[in-house]
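Below is one structure, written out as structure tokens; comments come after it.
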Amino acid sequence: MSKRGGNPTAPQIAIFAIAVLVSFAPLKVTGWMSLFRDPLLTVIAPVSGPVSILATRLRGDEDRNESELGELTRTELEELYLEEQRGRLEALGRIMALEAIIRDLQGGVEGFSALPIRRMVAPVIGSTPPAKITVRRGTADGVYALSTVAVASGTHQIVGVVSDVERRLSTVHLLTDKQMPWGLIEGVVVDAGGVTREALESAPRLQLRAVGNGTLVAEQVVQETAEQISVGQLVRVRDGTVSDAAQMLVLGEVRQVEETDDPQHRLVLVRPLVDDLSRVGTAVLYMPVVDRDAEVEP
């Protein structure tokens, strides 16, 4: 039986060859072919549009579930992030408290109190200048009024004494306020740096009070005592009538030794090492403890 027509693969080869040539042709030559695209798609996929719409609607619930899962995941990540930040803050608090101990040892403060001292970092969250600041520590952290003193972070400078305590918050009455609960406070004048017990025996002493302008003054200082005091020296707490936690902490620096109307007496002006105590950002609370477990807490 004779074959009908030529080789059946010839048309396919021809079409393939044309397609290859067209694929390499520039767009300006083949652009006219786009006229046949839409009719061709209509023929080969007449229901592709409706099917696509239907599929999108059917996937709606799945997409919503994925969205909720994404929200849950973000919430969990935020919780993990906050937990990590809390951990870092606690670690930083412990480091700062340990640094305070090192400063106390280097500066001769440690060992002058009759009781062990517990140190706790307390962020300042509010202030009422020029009298008070509020810190984020309270009775839940073992803070007690009048026995706890606040120290400026990174220094030995007393900020004030805790005068009121709530469960999570405490009010610190500033050292330079006239209504400061201690009233008159006795301090010893020493050179900057370490302090020895031998040096304290002969060091001059002052009775200081706040005058309301950011300074402390000692009035009626006898001339012999005043002659031993120099501008730039530090005045440290040495007073058995105030909290044990305050002993040997800094009240301020001697700024002036002035003559008075009485030639036998002088006035000594002392200013804290921190210019504005109400603007302290972080305090370290010093608290005496009754047992020997002087644990450092953040």
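Letters A, B, ... mark the chains of the structure tokens in the order given; residue numbers begin at 1 per chain; ligand numbers begin at 1, in order shown.
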- Message: Using DSSP assignments from the backbone, pull out every residue in range 78-297 of chain A that falls under helix (DSSP H, G or I) and give it to me as a PyMOL selection string.
- Response: chain A and resi 78-107+139-141+197-202+223-226+244-246+277-279
- Task: Do a neighbour search on Ile158 in chain A at 8 Å with only C-alpha atoms, toss out local chain neighbours closer than 4 positions, and write the hits as number ranges by chain.
- Result: A: 149-152, 175, 246, 249-251
Serialized selection, N, CA and C atoms, as a PDB file, in the first residue's frame:
```
ATOM      1  N   VAL A 149      19.808  54.065 102.131  1.00  0.00           N
ATOM      2  CA  VAL A 149      20.274  55.294 101.491  1.00  0.00           C
ATOM      3  C   VAL A 149      20.499  55.024 100.006  1.00  0.00           C
ATOM      4  N   ALA A 150      20.319  56.077  99.219  1.00  0.00           N
ATOM      5  CA  ALA A 150      20.523  55.985  97.776  1.00  0.00           C
ATOM      6  C   ALA A 150      21.832  56.679  97.425  1.00  0.00           C
ATOM      7  N   VAL A 151      22.614  56.024  96.565  1.00  0.00           N
ATOM      8  CA  VAL A 151      23.915  56.531  96.140  1.00  0.00           C
ATOM      9  C   VAL A 151      23.891  56.676  94.623  1.00  0.00           C
ATOM     10  N   ALA A 152      24.478  57.736  94.108  1.00  0.00           N
ATOM     11  CA  ALA A 152      24.550  57.933  92.662  1.00  0.00           C
ATOM     12  C   ALA A 152      25.404  56.842  92.045  1.00  0.00           C
ATOM     13  N   LEU A 175      19.430  64.682  99.688  1.00  0.00           N
ATOM     14  CA  LEU A 175      20.366  65.158 100.698  1.00  0.00           C
ATOM     15  C   LEU A 175      20.362  66.677 100.834  1.00  0.00           C
ATOM     16  N   ALA A 246      25.057  54.358 105.578  1.00  0.00           N
ATOM     17  CA  ALA A 246      25.578  55.625 105.069  1.00  0.00           C
ATOM     18  C   ALA A 246      27.021  55.889 105.469  1.00  0.00           C
ATOM     19  N   LEU A 249      30.173  57.129 103.237  1.00  0.00           N
ATOM     20  CA  LEU A 249      29.767  57.581 101.912  1.00  0.00           C
ATOM     21  C   LEU A 249      29.963  59.094 101.825  1.00  0.00           C
ATOM     22  N   VAL A 250      30.012  59.601 100.618  1.00  0.00           N
ATOM     23  CA  VAL A 250      30.395  60.993 100.390  1.00  0.00           C
ATOM     24  C   VAL A 250      29.188  61.922 100.516  1.00  0.00           C
ATOM     25  N   LEU A 251      29.365  62.980 101.304  1.00  0.00           N
ATOM     26  CA  LEU A 251      28.372  64.048 101.366  1.00  0.00           C
ATOM     27  C   LEU A 251      28.635  65.105 100.311  1.00  0.00           C
TER      28      LEU A 251
END
```
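Summary of the local environment: counting only C-alpha atoms, residues at most 8 Å from Ala203 in chain A, other than itself and those fewer than 4 positions away along its chain, are Val188, Val189, Val190 and Ala199 of chain A.
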Print the selection's residues with C-alpha atoms to a file, as a PDB file, in the first residue's frame.
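Below is the file that was written, out-v8.pdb:
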```pdb
ATOM      1  CA  VAL A 188      34.678  63.825 108.421  1.00  0.00           C
ATOM      2  CA  VAL A 189      36.947  65.792 106.058  1.00  0.00           C
ATOM      3  CA  VAL A 190      39.483  63.649 104.220  1.00  0.00           C
ATOM      4  CA  ALA A 199      43.719  59.183 109.097  1.00  0.00           C
TER       5      ALA A 199
END
```
- Task: Write down as a ChimeraX atom specification the residues of range 116-271 of chain A whose backbone DSSP state falls under strand (DSSP E).
- Result: /A:117-128,132-135,149-152,158-165,170-174,185-190,205-210,216-222,234-237,250-259,265-271
- Message: Report as number ranges by chain all protein, DNA and RNA residues lying within 9 Å of Leu169 in chain A, evaluated on only C-alpha atoms, omitting residues in the same chain fewer than 2 positions from it.
- Response: A: 134-139, 164-167, 171
Name the residues in contact with Gly240 in chain A at a cut-off of 10 Å, using only C-alpha atoms, excluding same-chain residues fewer than 5 positions from it; report them as a PDB file with all heavy atoms, in the first residue's frame.
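Saved result, out17.pdb, follows:
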```pdb
ATOM      1  N   SER A 113      31.093  50.058 108.531  1.00  0.00           N
ATOM      2  CA  SER A 113      29.753  49.875 109.071  1.00  0.00           C
ATOM      3  C   SER A 113      29.739  48.671 110.003  1.00  0.00           C
ATOM      4  O   SER A 113      30.486  47.709 109.813  1.00  0.00           O
ATOM      5  CB  SER A 113      28.739  49.662 107.939  1.00  0.00           C
ATOM      6  OG  SER A 113      29.096  48.530 107.175  1.00  0.00           O
ATOM      7  N   ILE A 185      23.920  66.491 110.024  1.00  0.00           N
ATOM      8  CA  ILE A 185      24.651  65.244 109.849  1.00  0.00           C
ATOM      9  C   ILE A 185      26.136  65.519 110.002  1.00  0.00           C
ATOM     10  O   ILE A 185      26.656  66.523 109.505  1.00  0.00           O
ATOM     11  CB  ILE A 185      24.340  64.596 108.480  1.00  0.00           C
ATOM     12  CG1 ILE A 185      25.091  63.282 108.332  1.00  0.00           C
ATOM     13  CG2 ILE A 185      24.645  65.536 107.329  1.00  0.00           C
ATOM     14  CD1 ILE A 185      24.657  62.466 107.136  1.00  0.00           C
ATOM     15  N   GLU A 186      26.796  64.647 110.698  1.00  0.00           N
ATOM     16  CA  GLU A 186      28.224  64.834 110.963  1.00  0.00           C
ATOM     17  C   GLU A 186      29.054  64.134 109.896  1.00  0.00           C
ATOM     18  O   GLU A 186      28.786  62.977 109.529  1.00  0.00           O
ATOM     19  CB  GLU A 186      28.599  64.293 112.340  1.00  0.00           C
ATOM     20  CG  GLU A 186      30.046  64.555 112.716  1.00  0.00           C
ATOM     21  CD  GLU A 186      30.344  64.204 114.159  1.00  0.00           C
ATOM     22  OE1 GLU A 186      29.375  64.067 114.947  1.00  0.00           O
ATOM     23  OE2 GLU A 186      31.537  64.066 114.498  1.00  0.00           O
ATOM     24  N   ALA A 246      25.057  54.358 105.578  1.00  0.00           N
ATOM     25  CA  ALA A 246      25.578  55.625 105.069  1.00  0.00           C
ATOM     26  C   ALA A 246      27.021  55.889 105.469  1.00  0.00           C
ATOM     27  O   ALA A 246      27.656  56.800 104.923  1.00  0.00           O
ATOM     28  CB  ALA A 246      24.707  56.776 105.565  1.00  0.00           C
ATOM     29  N   GLN A 247      27.551  55.108 106.411  1.00  0.00           N
ATOM     30  CA  GLN A 247      28.864  55.425 106.955  1.00  0.00           C
ATOM     31  C   GLN A 247      29.949  55.436 105.882  1.00  0.00           C
ATOM     32  O   GLN A 247      30.066  54.508 105.077  1.00  0.00           O
ATOM     33  CB  GLN A 247      29.228  54.422 108.058  1.00  0.00           C
ATOM     34  CG  GLN A 247      28.234  54.384 109.202  1.00  0.00           C
ATOM     35  CD  GLN A 247      27.993  55.763 109.824  1.00  0.00           C
ATOM     36  OE1 GLN A 247      28.932  56.504 110.106  1.00  0.00           O
ATOM     37  NE2 GLN A 247      26.728  56.092 110.046  1.00  0.00           N
TER      38      GLN A 247
END
```
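With distances restricted to only C-alpha atoms, A:Gly142 is the closest residue to Val289 in chain A from A:Gly212, A:Gly87, A:Pro130, A:Gly142.
If you measure from each of A:His265, A:Arg271, A:Arg168, A:Arg205 to Val231 in chain A using only C-alpha atoms, the closest one turns out to be A:Arg271.
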- Task: Identify, on the basis of only C-alpha atoms, every residue whose closest approach to Pro288 in chain A does not exceed 7 Å; exclude the query and any residue fewer than 6 positions from it along the same chain; express the result as a PyMOL selection string.
- Result: chain A and resi 115-118+244-245
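The space between CA of Arg266 in chain A and CA of Leu208 in chain A spans 13.0 Å.
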